[in-house]
Amino acid sequence: LVSGGCLEGDIAEHARRVIERREPSPLTYDLRDDGDDPFGLGIGCNGLIRVFLQPLFADGGYEPFASMAAVSLAPGGGAAATVVAAGRSGLAPGATLVRARRHGDGADAFRPAASAELRERLGPGCERALETGRSEFRVDDDSGLAVLYAPLKPVPRLLVLGAGLDAVPVVDLAAEIGWLVTVADHRPAYLERGGFARAARKREVVPGRLREALPLDEFDAVLVMSHHLATDRAYLLELAGLVCRYVGVLGPPARKERLLASLGDASSALRERLRGPVGLDIGADSPEAIALSILAELQGVLSGARPSLP
């Protein structure tokens with residue numbers, strides 16, 4: 001989880017001890033003094049690094065990591081609170097509360113099964129992390145209880161509508177950075193010819209009836225790239241009312257305008273947010289480079305960043 005040259009080996013050694021003792025352990029590396037050579041690290045980052053090692057075992061269902069992963073893989077994500085130091089609080093170091101984002105509040109929002117005390121003590125901090133989207137390390141001066149609160153951002157979900165050869169590097173690159181990718185096409189032969197082994201799902205769909213095959217509301221981004229004008233038009237008609245952070249269509253600006261003009265009243269819901277041509281202008285001239293430009297733009301939009309080129 002932490003890569004830092006010499007630090008990595010030191011943490012690995014501590015991790016072995018944590019596993020042997022079956023107890024979590026905090027580590028602190030104070031490198032704010034330039035003279036960190038006596039520690040044999042030679043990192044030179046001039047910062048303070050805190051690491052909390054928590055053992056995971058099969059007989060415990062790999063909790064709490066299993067719950068964190070489940071929440072991150074679900075739409076909406078959530079937040080987690082981990083006790084780093086118990087002090088006089090009565091809570092155990094390593095005790096973790098995982099809060100899944102829900103439309104309503106209820107006991108089923110907490111994973112794994114948590115005591116009422118844990119929910120009462122750590123629940124408000126989880127709510128703050130959900131609202132702000134920021135991590136927070138809090139220490140209670142009276143009890144000495146130290147807790148790390150962190151949002152669990154959902155894994156981005158990308159829908160690629162079109163299984164042409166140029167979709168293969170898009171799917172591969174998105175999967176490489178950890179996204180969940182669904183590839184859909186109305187041509188079964190395109191889906192069956194291979195190249196999409198890294199896609200989370202492959203679906204044969206009927207243009208105009210996407211919702212019958214796919215949970216459209218779960219996707220963060222949709223790329224329309226069937227290379228067939230009538231099919232792209234049918235896809236865009238269904239996507240016009242979709243609340244989605246990114247909708248893009250492959251092709252030059254004139255093609256996008258032609259598609260919008262053919263949508264009639266539905267075009268007003270798409271015109272301001274439909275992206276096309278998709279991707280950052282990085283001089284891409286191959287399927288792989290074009291995929292890179294598309295994913296770079298997607299990453300910027302989904303992270304809220306504003307990519308800029310010199």
# chains A, B, ... in the order shown; residues from 1 in each chain; ligands from 1
call {"tool": "residues_around", "arguments": {"residues": "stretch 151-158 of chain A", "least_positions_apart": "5", "cutoff": "7 Å", "atoms": "only C-alpha atoms", "output": "JSON, numbers by chain"}}
result
{"A": [72, 73, 74, 75, 76, 77, 78, 79, 80, 129, 130, 133, 134, 135, 179, 180, 181, 182, 219, 220, 221, 222]}
call {"tool": "write_last_selection", "arguments": {"atoms": "N, CA, C and O atoms", "output": "CSV table (one decimal), in the first residue's frame"}}
result
chain,number,residue,atom,x,y,z
A,72,SER,N,-16.8,0.6,-1.9
A,72,SER,CA,-16.2,1.3,-3.0
A,72,SER,C,-16.7,0.8,-4.4
A,72,SER,O,-16.7,1.5,-5.4
A,73,LEU,N,-17.1,-0.5,-4.5
A,73,LEU,CA,-17.5,-1.1,-5.7
A,73,LEU,C,-19.0,-0.8,-5.9
A,73,LEU,O,-19.5,-1.1,-7.0
A,74,ALA,N,-19.7,-0.3,-4.9
A,74,ALA,CA,-21.1,0.0,-5.1
A,74,ALA,C,-21.3,1.5,-5.5
A,74,ALA,O,-20.5,2.3,-5.1
A,75,PRO,N,-22.4,1.7,-6.2
A,75,PRO,CA,-22.6,3.1,-6.6
A,75,PRO,C,-22.8,4.0,-5.4
A,75,PRO,O,-23.5,3.6,-4.4
A,76,GLY,N,-22.2,5.2,-5.4
A,76,GLY,CA,-22.3,6.1,-4.3
A,76,GLY,C,-21.2,6.1,-3.3
A,76,GLY,O,-20.9,7.1,-2.6
A,77,GLY,N,-20.5,4.9,-3.1
A,77,GLY,CA,-19.4,4.9,-2.2
A,77,GLY,C,-19.8,5.0,-0.8
A,77,GLY,O,-20.9,4.6,-0.4
A,78,GLY,N,-19.0,5.6,0.1
A,78,GLY,CA,-19.3,5.7,1.5
A,78,GLY,C,-18.1,6.3,2.2
A,78,GLY,O,-17.4,7.2,1.7
A,79,ALA,N,-18.0,5.9,3.5
A,79,ALA,CA,-16.9,6.5,4.3
A,79,ALA,C,-16.5,5.4,5.4
A,79,ALA,O,-17.3,4.5,5.7
A,80,ALA,N,-15.3,5.6,5.9
A,80,ALA,CA,-14.8,4.7,6.9
A,80,ALA,C,-14.2,5.4,8.1
A,80,ALA,O,-13.6,6.5,7.9
A,129,ALA,N,-17.2,12.9,6.7
A,129,ALA,CA,-16.4,12.5,5.6
A,129,ALA,C,-17.3,12.3,4.3
A,129,ALA,O,-16.8,12.7,3.2
A,130,LEU,N,-18.5,11.9,4.5
A,130,LEU,CA,-19.4,11.7,3.4
A,130,LEU,C,-19.8,13.1,2.8
A,130,LEU,O,-19.8,13.3,1.6
A,133,GLY,N,-16.3,14.9,1.6
A,133,GLY,CA,-15.4,14.2,0.7
A,133,GLY,C,-13.9,14.3,1.0
A,133,GLY,O,-13.1,14.0,0.2
A,134,ARG,N,-13.6,14.7,2.3
A,134,ARG,CA,-12.2,14.8,2.7
A,134,ARG,C,-11.9,13.9,3.9
A,134,ARG,O,-12.7,13.7,4.7
A,135,SER,N,-10.6,13.5,3.9
A,135,SER,CA,-10.2,12.7,5.0
A,135,SER,C,-9.9,13.6,6.2
A,135,SER,O,-9.6,14.8,6.1
A,179,TRP,N,-11.0,1.2,-13.3
A,179,TRP,CA,-12.4,1.5,-13.5
A,179,TRP,C,-13.2,0.2,-13.9
A,179,TRP,O,-12.6,-0.7,-14.4
A,180,LEU,N,-14.5,0.3,-13.7
A,180,LEU,CA,-15.4,-0.8,-14.1
A,180,LEU,C,-16.0,-0.4,-15.4
A,180,LEU,O,-16.7,0.6,-15.5
A,181,VAL,N,-15.7,-1.2,-16.5
A,181,VAL,CA,-16.1,-0.9,-17.8
A,181,VAL,C,-17.1,-1.9,-18.3
A,181,VAL,O,-16.9,-3.1,-18.2
A,182,THR,N,-18.2,-1.3,-18.9
A,182,THR,CA,-19.2,-2.2,-19.6
A,182,THR,C,-19.2,-1.8,-21.1
A,182,THR,O,-19.2,-0.6,-21.4
A,219,PHE,N,-24.0,4.6,-14.2
A,219,PHE,CA,-22.7,4.9,-14.9
A,219,PHE,C,-22.4,6.4,-14.6
A,219,PHE,O,-23.2,7.3,-14.6
A,220,ASP,N,-21.0,6.6,-14.4
A,220,ASP,CA,-20.5,7.9,-14.2
A,220,ASP,C,-20.2,8.6,-15.6
A,220,ASP,O,-20.2,9.8,-15.7
A,221,ALA,N,-19.9,7.8,-16.6
A,221,ALA,CA,-19.6,8.3,-17.9
A,221,ALA,C,-20.0,7.4,-19.0
A,221,ALA,O,-20.0,6.1,-18.8
A,222,VAL,N,-20.4,7.9,-20.1
A,222,VAL,CA,-20.9,7.1,-21.3
A,222,VAL,C,-20.2,7.6,-22.5
A,222,VAL,O,-20.2,8.9,-22.8
call {"tool": "select_by_dssp", "arguments": {"residues": "stretch 51-157 of chain A", "states": "strand (DSSP E or B)", "output": "PDB file with N, CA and C atoms, in the first residue's frame"}}
result
ATOM      1  N   VAL A  51       1.653   5.684   9.213  1.00  0.00           N
ATOM      2  CA  VAL A  51       1.162   4.451   8.590  1.00  0.00           C
ATOM      3  C   VAL A  51       0.484   3.614   9.658  1.00  0.00           C
ATOM      4  N   PHE A  52      -0.689   3.123   9.352  1.00  0.00           N
ATOM      5  CA  PHE A  52      -1.402   2.251  10.289  1.00  0.00           C
ATOM      6  C   PHE A  52      -1.534   0.874   9.644  1.00  0.00           C
ATOM      7  N   LEU A  53      -0.879  -0.108  10.248  1.00  0.00           N
ATOM      8  CA  LEU A  53      -0.892  -1.471   9.721  1.00  0.00           C
ATOM      9  C   LEU A  53      -1.973  -2.279  10.426  1.00  0.00           C
ATOM     10  N   GLY A  78     -18.958   5.579   0.071  1.00  0.00           N
ATOM     11  CA  GLY A  78     -19.286   5.709   1.485  1.00  0.00           C
ATOM     12  C   GLY A  78     -18.140   6.348   2.249  1.00  0.00           C
ATOM     13  N   ALA A  79     -17.965   5.939   3.487  1.00  0.00           N
ATOM     14  CA  ALA A  79     -16.895   6.482   4.334  1.00  0.00           C
ATOM     15  C   ALA A  79     -16.509   5.436   5.368  1.00  0.00           C
ATOM     16  N   ALA A  80     -15.316   5.591   5.931  1.00  0.00           N
ATOM     17  CA  ALA A  80     -14.830   4.652   6.936  1.00  0.00           C
ATOM     18  C   ALA A  80     -14.155   5.408   8.066  1.00  0.00           C
ATOM     19  N   ALA A  81     -14.281   4.860   9.274  1.00  0.00           N
ATOM     20  CA  ALA A  81     -13.616   5.408  10.457  1.00  0.00           C
ATOM     21  C   ALA A  81     -12.808   4.287  11.092  1.00  0.00           C
ATOM     22  N   THR A  82     -11.524   4.534  11.323  1.00  0.00           N
ATOM     23  CA  THR A  82     -10.644   3.526  11.907  1.00  0.00           C
ATOM     24  C   THR A  82      -9.972   4.078  13.147  1.00  0.00           C
ATOM     25  N   VAL A  83     -10.068   3.334  14.242  1.00  0.00           N
ATOM     26  CA  VAL A  83      -9.423   3.731  15.496  1.00  0.00           C
ATOM     27  C   VAL A  83      -7.928   3.446  15.375  1.00  0.00           C
ATOM     28  N   VAL A  84      -7.123   4.496  15.391  1.00  0.00           N
ATOM     29  CA  VAL A  84      -5.672   4.351  15.294  1.00  0.00           C
ATOM     30  C   VAL A  84      -5.051   4.213  16.679  1.00  0.00           C
ATOM     31  N   ALA A  85      -5.569   4.957  17.642  1.00  0.00           N
ATOM     32  CA  ALA A  85      -5.101   4.854  19.032  1.00  0.00           C
ATOM     33  C   ALA A  85      -6.324   4.926  19.938  1.00  0.00           C
ATOM     34  N   THR A  96     -13.144  -0.596  13.273  1.00  0.00           N
ATOM     35  CA  THR A  96     -13.477   0.163  12.069  1.00  0.00           C
ATOM     36  C   THR A  96     -14.978   0.171  11.835  1.00  0.00           C
ATOM     37  N   LEU A  97     -15.485   1.332  11.470  1.00  0.00           N
ATOM     38  CA  LEU A  97     -16.883   1.478  11.090  1.00  0.00           C
ATOM     39  C   LEU A  97     -16.918   1.909   9.631  1.00  0.00           C
ATOM     40  N   VAL A  98     -17.626   1.156   8.800  1.00  0.00           N
ATOM     41  CA  VAL A  98     -17.764   1.468   7.379  1.00  0.00           C
ATOM     42  C   VAL A  98     -19.199   1.886   7.126  1.00  0.00           C
ATOM     43  N   ARG A  99     -19.354   3.067   6.550  1.00  0.00           N
ATOM     44  CA  ARG A  99     -20.682   3.629   6.297  1.00  0.00           C
ATOM     45  C   ARG A  99     -20.916   3.681   4.797  1.00  0.00           C
ATOM     46  N   ALA A 100     -21.914   2.925   4.318  1.00  0.00           N
ATOM     47  CA  ALA A 100     -22.268   2.970   2.904  1.00  0.00           C
ATOM     48  C   ALA A 100     -23.241   4.114   2.668  1.00  0.00           C
ATOM     49  N   PHE A 110     -24.366   0.309   7.691  1.00  0.00           N
ATOM     50  CA  PHE A 110     -23.093   0.102   8.371  1.00  0.00           C
ATOM     51  C   PHE A 110     -22.563  -1.301   8.105  1.00  0.00           C
ATOM     52  N   ARG A 111     -21.281  -1.365   7.773  1.00  0.00           N
ATOM     53  CA  ARG A 111     -20.604  -2.633   7.555  1.00  0.00           C
ATOM     54  C   ARG A 111     -19.235  -2.561   8.221  1.00  0.00           C
ATOM     55  N   GLU A 136      -9.948  13.029   7.431  1.00  0.00           N
ATOM     56  CA  GLU A 136      -9.742  13.822   8.643  1.00  0.00           C
ATOM     57  C   GLU A 136      -9.180  12.913   9.734  1.00  0.00           C
ATOM     58  N   PHE A 137      -8.107  13.378  10.392  1.00  0.00           N
ATOM     59  CA  PHE A 137      -7.523  12.642  11.514  1.00  0.00           C
ATOM     60  C   PHE A 137      -7.823  13.432  12.776  1.00  0.00           C
ATOM     61  N   ARG A 138      -8.596  12.827  13.686  1.00  0.00           N
ATOM     62  CA  ARG A 138      -9.039  13.533  14.885  1.00  0.00           C
ATOM     63  C   ARG A 138      -8.523  12.835  16.144  1.00  0.00           C
ATOM     64  N   VAL A 139      -8.058  13.650  17.092  1.00  0.00           N
ATOM     65  CA  VAL A 139      -7.603  13.139  18.388  1.00  0.00           C
ATOM     66  C   VAL A 139      -8.402  13.830  19.478  1.00  0.00           C
ATOM     67  N   ALA A 146      -7.809   8.427  18.955  1.00  0.00           N
ATOM     68  CA  ALA A 146      -7.376   8.953  17.658  1.00  0.00           C
ATOM     69  C   ALA A 146      -8.046   8.144  16.556  1.00  0.00           C
ATOM     70  N   VAL A 147      -8.746   8.846  15.672  1.00  0.00           N
ATOM     71  CA  VAL A 147      -9.523   8.173  14.633  1.00  0.00           C
ATOM     72  C   VAL A 147      -9.236   8.799  13.276  1.00  0.00           C
ATOM     73  N   LEU A 148      -9.073   7.946  12.284  1.00  0.00           N
ATOM     74  CA  LEU A 148      -8.941   8.403  10.901  1.00  0.00           C
ATOM     75  C   LEU A 148     -10.283   8.225  10.206  1.00  0.00           C
ATOM     76  N   TYR A 149     -10.826   9.320   9.739  1.00  0.00           N
ATOM     77  CA  TYR A 149     -12.072   9.296   8.965  1.00  0.00           C
ATOM     78  C   TYR A 149     -11.713   9.543   7.498  1.00  0.00           C
ATOM     79  N   ALA A 150     -12.246   8.721   6.612  1.00  0.00           N
ATOM     80  CA  ALA A 150     -11.893   8.856   5.197  1.00  0.00           C
ATOM     81  C   ALA A 150     -13.073   8.511   4.308  1.00  0.00           C
ATOM     82  N   PRO A 151     -13.286   9.303   3.257  1.00  0.00           N
ATOM     83  CA  PRO A 151     -14.327   8.939   2.292  1.00  0.00           C
ATOM     84  C   PRO A 151     -13.886   7.736   1.477  1.00  0.00           C
ATOM     85  N   LEU A 152     -14.820   6.920   1.074  1.00  0.00           N
ATOM     86  CA  LEU A 152     -14.565   5.792   0.188  1.00  0.00           C
ATOM     87  C   LEU A 152     -15.216   6.130  -1.149  1.00  0.00           C
ATOM     88  N   ARG A 157     -17.534   4.084 -13.092  1.00  0.00           N
ATOM     89  CA  ARG A 157     -18.171   3.123 -13.996  1.00  0.00           C
ATOM     90  C   ARG A 157     -18.346   3.773 -15.357  1.00  0.00           C
TER      91      ARG A 157
END
call {"tool": "closest_residue", "arguments": {"among": "A:Val171, A:Tyr246, A:Gly162, A:Ala284", "to": "A:Gly304", "atoms": "only C-alpha atoms"}}
result
A:Tyr246
call {"tool": "closest_atom_pairs", "arguments": {"of": "stretch 37-140 of chain A", "to": "stretch 16-33 of chain A", "cutoff": "7 Å", "atoms": "only C-alpha atoms", "output": "tab-separated table"}}
result
residue	atom	partner	partner_atom	distance
A:Cys45	CA	A:Leu31	CA	6.8
A:Asn46	CA	A:Arg32	CA	4.0
A:Gly47	CA	A:Arg32	CA	4.7
A:Leu48	CA	A:Asp30	CA	4.6
A:Ile49	CA	A:Tyr29	CA	5.0
A:Arg50	CA	A:Thr28	CA	4.5
A:Val51	CA	A:Leu27	CA	5.0
A:Phe52	CA	A:Pro26	CA	4.3
A:Leu53	CA	A:Ser25	CA	5.2
A:Gln54	CA	A:Pro24	CA	4.4
A:Pro55	CA	A:Ile19	CA	5.6
A:Val84	CA	A:Pro26	CA	6.8
A:Pro93	CA	A:Pro24	CA	6.8
A:Gly94	CA	A:Pro24	CA	6.0
call {"tool": "select_by_dssp", "arguments": {"residues": "stretch 6-105 of chain A", "states": "alpha helix (DSSP H)", "output": "PyMOL selection string"}}
result
chain A and resi 6-21+65-73
call {"tool": "closest_residue", "arguments": {"among": "A:Ala230, A:Ala116, A:Ala254, A:Val160", "to": "A:Arg201", "atoms": "only C-alpha atoms"}}
result
A:Val160
call {"tool": "closest_residue", "arguments": {"among": "A:Leu214, A:Ala174, A:Val247, A:Leu237", "to": "A:Ala261", "atoms": "only C-alpha atoms"}}
result
A:Leu237
call {"tool": "closest_residue", "arguments": {"among": "A:Ala200, A:Ala12, A:Leu280, A:Ala86", "to": "A:Leu298", "atoms": "only C-alpha atoms"}}
result
A:Leu280
call {"tool": "residues_around", "arguments": {"residues": "A:Gly251", "least_positions_apart": "3", "cutoff": "12 Å", "atoms": "only C-alpha atoms", "output": "list in words"}}
result
Leu223, Val224, Met225, Ser226, His227, His228, Leu229, Asp232, Gly248, Ala254, Arg255, Lys256, Glu257, Arg258, Leu259, Arg275, Gly276, Pro277, Val278, Gly279 and Ile290 of chain A
call {"tool": "atom_distance", "arguments": {"atom1": "atom CA of A:Asp281", "atom2": "atom CA of A:Leu295"}}
result
11.9 Å
call {"tool": "closest_residue", "arguments": {"among": "A:Leu122, A:Leu91, A:Gly144, A:Ala234", "to": "A:Leu161", "atoms": "only C-alpha atoms"}}
result
A:Ala234
